[in-house]
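Asker: The structure that follows is given in the form of structure tokens.
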Amino acid sequence: MDEIRTTAHDVPDAARHSVGTPIGRRTVLKGFAAFAGAGVLAACGVSGSKSSGGGSGGGGGGGGTTVTFGSNYSDPAPKKAFGALVEAGQKSTGLTVKVNTTDHNTFQNNINSYLQGSPDDLFTWFAGYRVATFAKAGLLETLDDVWDKIGSGFNDATKALSKGPDGHYYLVPIYNYPWVTFYNKSTFEKGGYEVPTTWDQMIALAKKMKSDGLIPFAFAQKDGWPALGTFDILNMRINGYQFHQDLCQHKEAWTDPKVTAVFDQWRELMPYLQSGSTGRIWQDAAKTLESKKAGMMFQGTNQVAAQYVTDGKGLDDLDFFVYPEINPQWGQDSMDAPTDGFCLSKKAKNVDGAKKLLEYIGTGEAEATYLQYDQWDVALATDASVPTYNAIQKKSVEAIGKTKNIAQFLDRDSDGGFADNTVAAAIDKFIEDPTPGTIKSIQSSLEAQAKTVFANS
Amino acid sequence: MSAEVKATPTPAAAPATKRRRRRIPVLSRRDRVLVLIMVAVPLLADLMFVWGPAIATVGLSFADWDNLGGLGNIHYTGVDNYRFAATVDPQFWPAVLHNVIWLLVFIGIASPLGMLFAVIIDRNIKGSRIYQSVLFLPVMLSLALIGIIWELIYSPNYGLLNTLLGHTSDSNSIDWLGNPHLNLWAVLVEASWRQAGYVMVLYLAGLKAVDPSLREAAALDGAGPWSTFWRVVFPVMRPFNIVVLVVTVIESLRAYDLIYITTKGTVLPGLELLSMLVTQYILGQTQRIGYGSALAVVLLAVSVVPITIFLRNAFRREDAR
């Protein structure tokens with residue numbers, strides 16, 4: 001789920017370079033020589049990426065007192081919060097931290113080359129399968145010794161999320177946020193609506209809202225990922241958490257009748273979702289909820305609550321409920337609550353310094369420092385006391401605490417490209433034409449593609 | 001390029017060799033070294049930055065690589081990537097179809113429209129400079145701005161178009177950029193808006209260069225504006241027509257930027273294009289370099305084949321004169 005408000009478009013590099021003073025022939029020749037050199041160096045970078053293995057414990061290299069930190073927290077609010085965290089970290093550890101902020105889409109698109117080139121010591125990343133991929137490729141430094149110190153502050157679910165497939169730790173988390181159904185309290189009061197706890201109640205409520213002239217669910221899918229959240233929650237409610245994980249990693253087939261059941265359930269919901277969703281960005285869907293034209297919206301607090309704050313609406317009227325039960329076997333025992341955090345790259349220059357900083361970041365105190373500028377995410381450290389929490393955040397903590405299984409999101413539990421490209425395209429098709437015929441064809445198409453994508457992983 | 005190379009050794013080279021023999025000693029050693037460098041450096045640059053990557057792409061298209069780990073992680077998979085594209089990938093054939101539609105619309109509508117603008121403006125109508133600037137403006141605007149302009153026009157709930165049509169409520173709004181049956185055409189309007197201005201300027205430059213006496217002669221012979229254009233001006237404009245056609249073909253095959261700013265990088269149903277699919281697989285957190293390369297090779301073949309055939313014919317006819 002990548003991610004929050006993007007506004008900046010990348011200026012093509014050529015455009016930037018084309019402006020300049022007239023160049024002489026020699027300069028051009030020199031330029032070519034430099035280019036050639038760079039090419040050779042880049043090639044070395046790739047082939048040499050394996051050689052830098054070794055010491056996870058002690059002397060990872062003498063970077064001195066400076067730690068570099070690659071950040072994709074490029075939007076104003078997260079950037080401010082991250083700045084506060086870094087400053088507090090400097091104070092606590094006595095290190096100098098140099099932050100390189102990159103627009104988060106650019107950062108994520110280039111992450112492979114970044115990690116194999118000359119990465120910063122630490123970088124912002126996501127928990128779950130995303131960490132596992134890089135850990136398997138040997139691009140991350142293990143953080144077992146850091147976790148020896150900070151481990152007592154986290155519960156087992158968080159610990160599991162921070163590990164790679166080899167059982168070693170590779171991530172220190174900073175926050176997470178739940179995917180829940182939002183509504184405006186005033187709308188519910190006015191309409192005399194009640195929070196549904198079962199599927200039938202929810203459908204009845206949606207029907208009532210529709211007859212009252214409301215859009216029952218604000219809904220957007222132009223960004224490619226928001227609708228994956230609906231798929232996730234229906235899948236976990238109907239088939240349980242383990243099936244979600246197995247499906248994500250293609251241990252279960254996409255042609256399984258259980259997947260058909262998810263789409264069939266979704267079909268029942270379709271008439272109550274805002275139409276034209278493939279042309280709408282989620283921000284606009286959130287605005288429909290804000291303007292009270294819509295009754296509910298299922299998405300992460302990191303988006304909906306953040307959008308309310310961005311639009312200056314305040315969070316007083318906003319409330320949410322956990323997605324209702326569908327299959328009593330599972331009840332409400334799972335939800336998506338994506339976790340963001342930090343990793344140490346294998347090529348880090350100042351391993352010791354970076355670990356010292358991570359030891360600080362893995363405390364409740366550090367998380368609280370970050371969250372004083374963040375009104376929608378919540379801390380993971382069990383000992384974190386965050387005086388700045390608002391009602392939404394307090395309720396988030398409670399909701400996540402009550403949930404037995406925390407999933408990360410389809411594109412973080414599965415191969416990211418497969419989820420964001422392939423599954424998203426299939427779901428777009430389903431939204432356009434939610435018929436049994438479509439469901440059948442997208443299921444077999446997904447299975448055929450999954451076979452190739454997961455063939456060698 | 002091939003035409004230039006072929007042009008030098010001709011049967012008429014016999015008298016030239018004599019002259020060349022006399023001229024060579026004039027080149028000092030230093031000159032020769034300089035010439036060598038001036039030829040070698042661009043050649044090397046060309047090989048390195050154009051042919052190298054192109055050949056590497058073709059090579060990678062027969063392999064499987066996630067861009068993680070060293071080059072040793074590249075597995076040769078034969079034509080699997082191409083088979084996957086043709087038989088499994090549900091986005092591939094729509095993308096090919098959309099590229100073809102794009103090409104046809106550009107050749108059939110956008111470029112002729114630009115030529116029409118050019119011809120009308122060339123007649124020195126009142127305010128032609130203003131029209132010229134207005135029509136050329138889309139070519140000069142930055143893409144980010146174009147994206148915002150059309151977002152404001154097409155937005156389903158707040159957009160200009162739906163407001164004018166009275167379709168802004170959620171129940172009846174027209175989803176120009178989301179509806180897979182509409183969005184390609186909506187984007188093609190944007191693209192034609194830009195392409196027409198581009199072609200207009202190219203063509204206008206050519207029209208200015210047409211000898212006015214030709215038109216006078218045509219007028220004296222009693223030709224109307226229609227037949228003057230088709231029988232006199234258009235044939236004289238042959239080199240420009242070729243340029244316009246090549247530009248049109250290239251622009252339509254590499255269509256990408258407008259779609260990208262419309263969708264912000266996601267491949268929306270109805271807006272699949274080969275170029276979008278290529279970046280979808282090559283960029284991102286999980287990469288399928290091999291498959292992306294295979295799609296790029298398809299795109300390369302699609303663009304190189306018609307252009308090569310066309311240019312060859314054009315130059316052959318030119319030589320025959």
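Please note that chains go A, B, ... in the order of the structure tokens, that every chain numbers its residues from 1, and that ligands are numbered from 1 in the order shown.
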Just want the 10 Å neighbourhood of Glu151 in chain B, counted on only C-alpha atoms, with same-chain residues fewer than 6 positions away dropped. Output as a VMD selection string.
Answerer: chain B and resid 145 158 to 160 176 to 177 261 to 262
Asker: Using only C-alpha atoms, what table do you get, as a tab-separated table, when you list each residue of chain B with an atom no more than 7 Å from chain A, its nearest pair of atoms, and their distance in Å rounded to one decimal, rows by chain then rising number?
Answerer:
residue	atom	partner	partner_atom	distance
B:Asn67	CA	A:Asn112	CA	6.8
B:Leu68	CA	A:Ala137	CA	6.2
B:Gly69	CA	A:Ala137	CA	6.0
B:Gly70	CA	A:Ser47	CA	5.0
B:Leu71	CA	A:Ser47	CA	6.3
B:Val88	CA	A:Ala448	CA	6.5
B:Asp89	CA	A:Gln449	CA	6.9
B:Ala144	CA	A:His9	CA	6.7
B:Asp175	CA	A:Gly276	CA	5.8
B:Leu177	CA	A:Gly279	CA	5.4
B:Gly178	CA	A:Gly279	CA	3.4
B:Asn179	CA	A:Gly279	CA	6.8
B:Thr266	CA	A:Gly224	CA	6.0
B:Pro269	CA	A:Asp428	CA	6.7
B:Leu283	CA	A:Asn109	CA	5.3
B:Gly284	CA	A:Asn109	CA	3.9
B:Gln285	CA	A:Asn109	CA	5.8
B:Thr286	CA	A:Gly417	CA	5.1
B:Gln287	CA	A:Gly417	CA	6.9
Asker: Store the residues picked out above in a file with N, CA and C atoms, as a PDB file, in the first residue's frame.
Answerer:
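What ended up in out.pdb:
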ATOM      1  N   ASN B  67      16.471  -8.730 -10.502  1.00  0.00           N
ATOM      2  CA  ASN B  67      17.368  -7.618 -10.196  1.00  0.00           C
ATOM      3  C   ASN B  67      17.859  -7.667  -8.749  1.00  0.00           C
ATOM      4  N   LEU B  68      17.804  -8.837  -8.138  1.00  0.00           N
ATOM      5  CA  LEU B  68      18.371  -8.995  -6.800  1.00  0.00           C
ATOM      6  C   LEU B  68      19.538  -9.962  -6.905  1.00  0.00           C
ATOM      7  N   GLY B  69      20.571  -9.702  -6.145  1.00  0.00           N
ATOM      8  CA  GLY B  69      21.737 -10.564  -6.231  1.00  0.00           C
ATOM      9  C   GLY B  69      22.487 -10.250  -7.511  1.00  0.00           C
ATOM     10  N   GLY B  70      23.568 -10.917  -7.746  1.00  0.00           N
ATOM     11  CA  GLY B  70      24.431 -10.595  -8.871  1.00  0.00           C
ATOM     12  C   GLY B  70      23.879 -11.081 -10.192  1.00  0.00           C
ATOM     13  N   LEU B  71      24.712 -10.911 -11.224  1.00  0.00           N
ATOM     14  CA  LEU B  71      24.293 -11.325 -12.554  1.00  0.00           C
ATOM     15  C   LEU B  71      24.138 -12.838 -12.631  1.00  0.00           C
ATOM     16  N   VAL B  88      -0.790 -15.922 -21.452  1.00  0.00           N
ATOM     17  CA  VAL B  88      -1.261 -15.844 -20.072  1.00  0.00           C
ATOM     18  C   VAL B  88      -1.617 -14.419 -19.644  1.00  0.00           C
ATOM     19  N   ASP B  89      -0.748 -13.485 -19.940  1.00  0.00           N
ATOM     20  CA  ASP B  89      -0.915 -12.125 -19.436  1.00  0.00           C
ATOM     21  C   ASP B  89      -2.179 -11.488 -20.003  1.00  0.00           C
ATOM     22  N   ALA B 144       3.322  17.938 -16.050  1.00  0.00           N
ATOM     23  CA  ALA B 144       2.614  18.001 -14.771  1.00  0.00           C
ATOM     24  C   ALA B 144       1.416  18.925 -14.895  1.00  0.00           C
ATOM     25  N   ASP B 175     -17.550   8.764 -15.804  1.00  0.00           N
ATOM     26  CA  ASP B 175     -16.204   8.527 -15.289  1.00  0.00           C
ATOM     27  C   ASP B 175     -15.233   8.463 -16.466  1.00  0.00           C
ATOM     28  N   LEU B 177     -12.050   9.047 -17.041  1.00  0.00           N
ATOM     29  CA  LEU B 177     -10.719   8.422 -17.000  1.00  0.00           C
ATOM     30  C   LEU B 177     -10.742   7.041 -16.363  1.00  0.00           C
ATOM     31  N   GLY B 178     -11.849   6.643 -15.776  1.00  0.00           N
ATOM     32  CA  GLY B 178     -11.912   5.345 -15.120  1.00  0.00           C
ATOM     33  C   GLY B 178     -12.638   4.301 -15.950  1.00  0.00           C
ATOM     34  N   ASN B 179     -13.694   4.711 -16.625  1.00  0.00           N
ATOM     35  CA  ASN B 179     -14.473   3.762 -17.397  1.00  0.00           C
ATOM     36  C   ASN B 179     -13.621   3.180 -18.532  1.00  0.00           C
ATOM     37  N   THR B 266      -0.121   3.481 -12.224  1.00  0.00           N
ATOM     38  CA  THR B 266      -0.839   2.203 -12.225  1.00  0.00           C
ATOM     39  C   THR B 266      -1.405   1.949 -13.615  1.00  0.00           C
ATOM     40  N   PRO B 269      -7.492  -0.529 -16.245  1.00  0.00           N
ATOM     41  CA  PRO B 269      -8.150  -1.233 -17.334  1.00  0.00           C
ATOM     42  C   PRO B 269      -8.622  -0.217 -18.371  1.00  0.00           C
ATOM     43  N   LEU B 283      10.202  -1.334 -13.189  1.00  0.00           N
ATOM     44  CA  LEU B 283      10.348  -0.531 -11.981  1.00  0.00           C
ATOM     45  C   LEU B 283       9.627  -1.225 -10.844  1.00  0.00           C
ATOM     46  N   GLY B 284       9.774  -0.679  -9.655  1.00  0.00           N
ATOM     47  CA  GLY B 284       8.993  -1.192  -8.542  1.00  0.00           C
ATOM     48  C   GLY B 284       9.803  -2.051  -7.609  1.00  0.00           C
ATOM     49  N   GLN B 285       9.131  -2.509  -6.558  1.00  0.00           N
ATOM     50  CA  GLN B 285       9.850  -3.215  -5.510  1.00  0.00           C
ATOM     51  C   GLN B 285      10.138  -4.654  -5.865  1.00  0.00           C
ATOM     52  N   THR B 286       9.228  -5.262  -6.612  1.00  0.00           N
ATOM     53  CA  THR B 286       9.543  -6.593  -7.103  1.00  0.00           C
ATOM     54  C   THR B 286       9.581  -6.482  -8.613  1.00  0.00           C
ATOM     55  N   GLN B 287      10.713  -6.792  -9.157  1.00  0.00           N
ATOM     56  CA  GLN B 287      10.901  -6.551 -10.572  1.00  0.00           C
ATOM     57  C   GLN B 287      10.998  -7.867 -11.330  1.00  0.00           C
TER      58      GLN B 287
END
Asker: Can you work out the spacing between CA of Met209 in chain A and CA of Phe409 in chain A in Å, to one decimal?
Answerer: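 Separating CA of Met209 in chain A from CA of Phe409 in chain A is a distance of 28.5 Å.
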Asker: Could you pull the residues within 10 Å of range 156-166 of chain A, counting only C-alpha atoms, minus those fewer than 5 positions along the same chain, as number ranges by chain?
Answerer: A: 126-136, 140, 142-144, 147, 151, 171-173, 176, 338-343, 380-381, 404-408
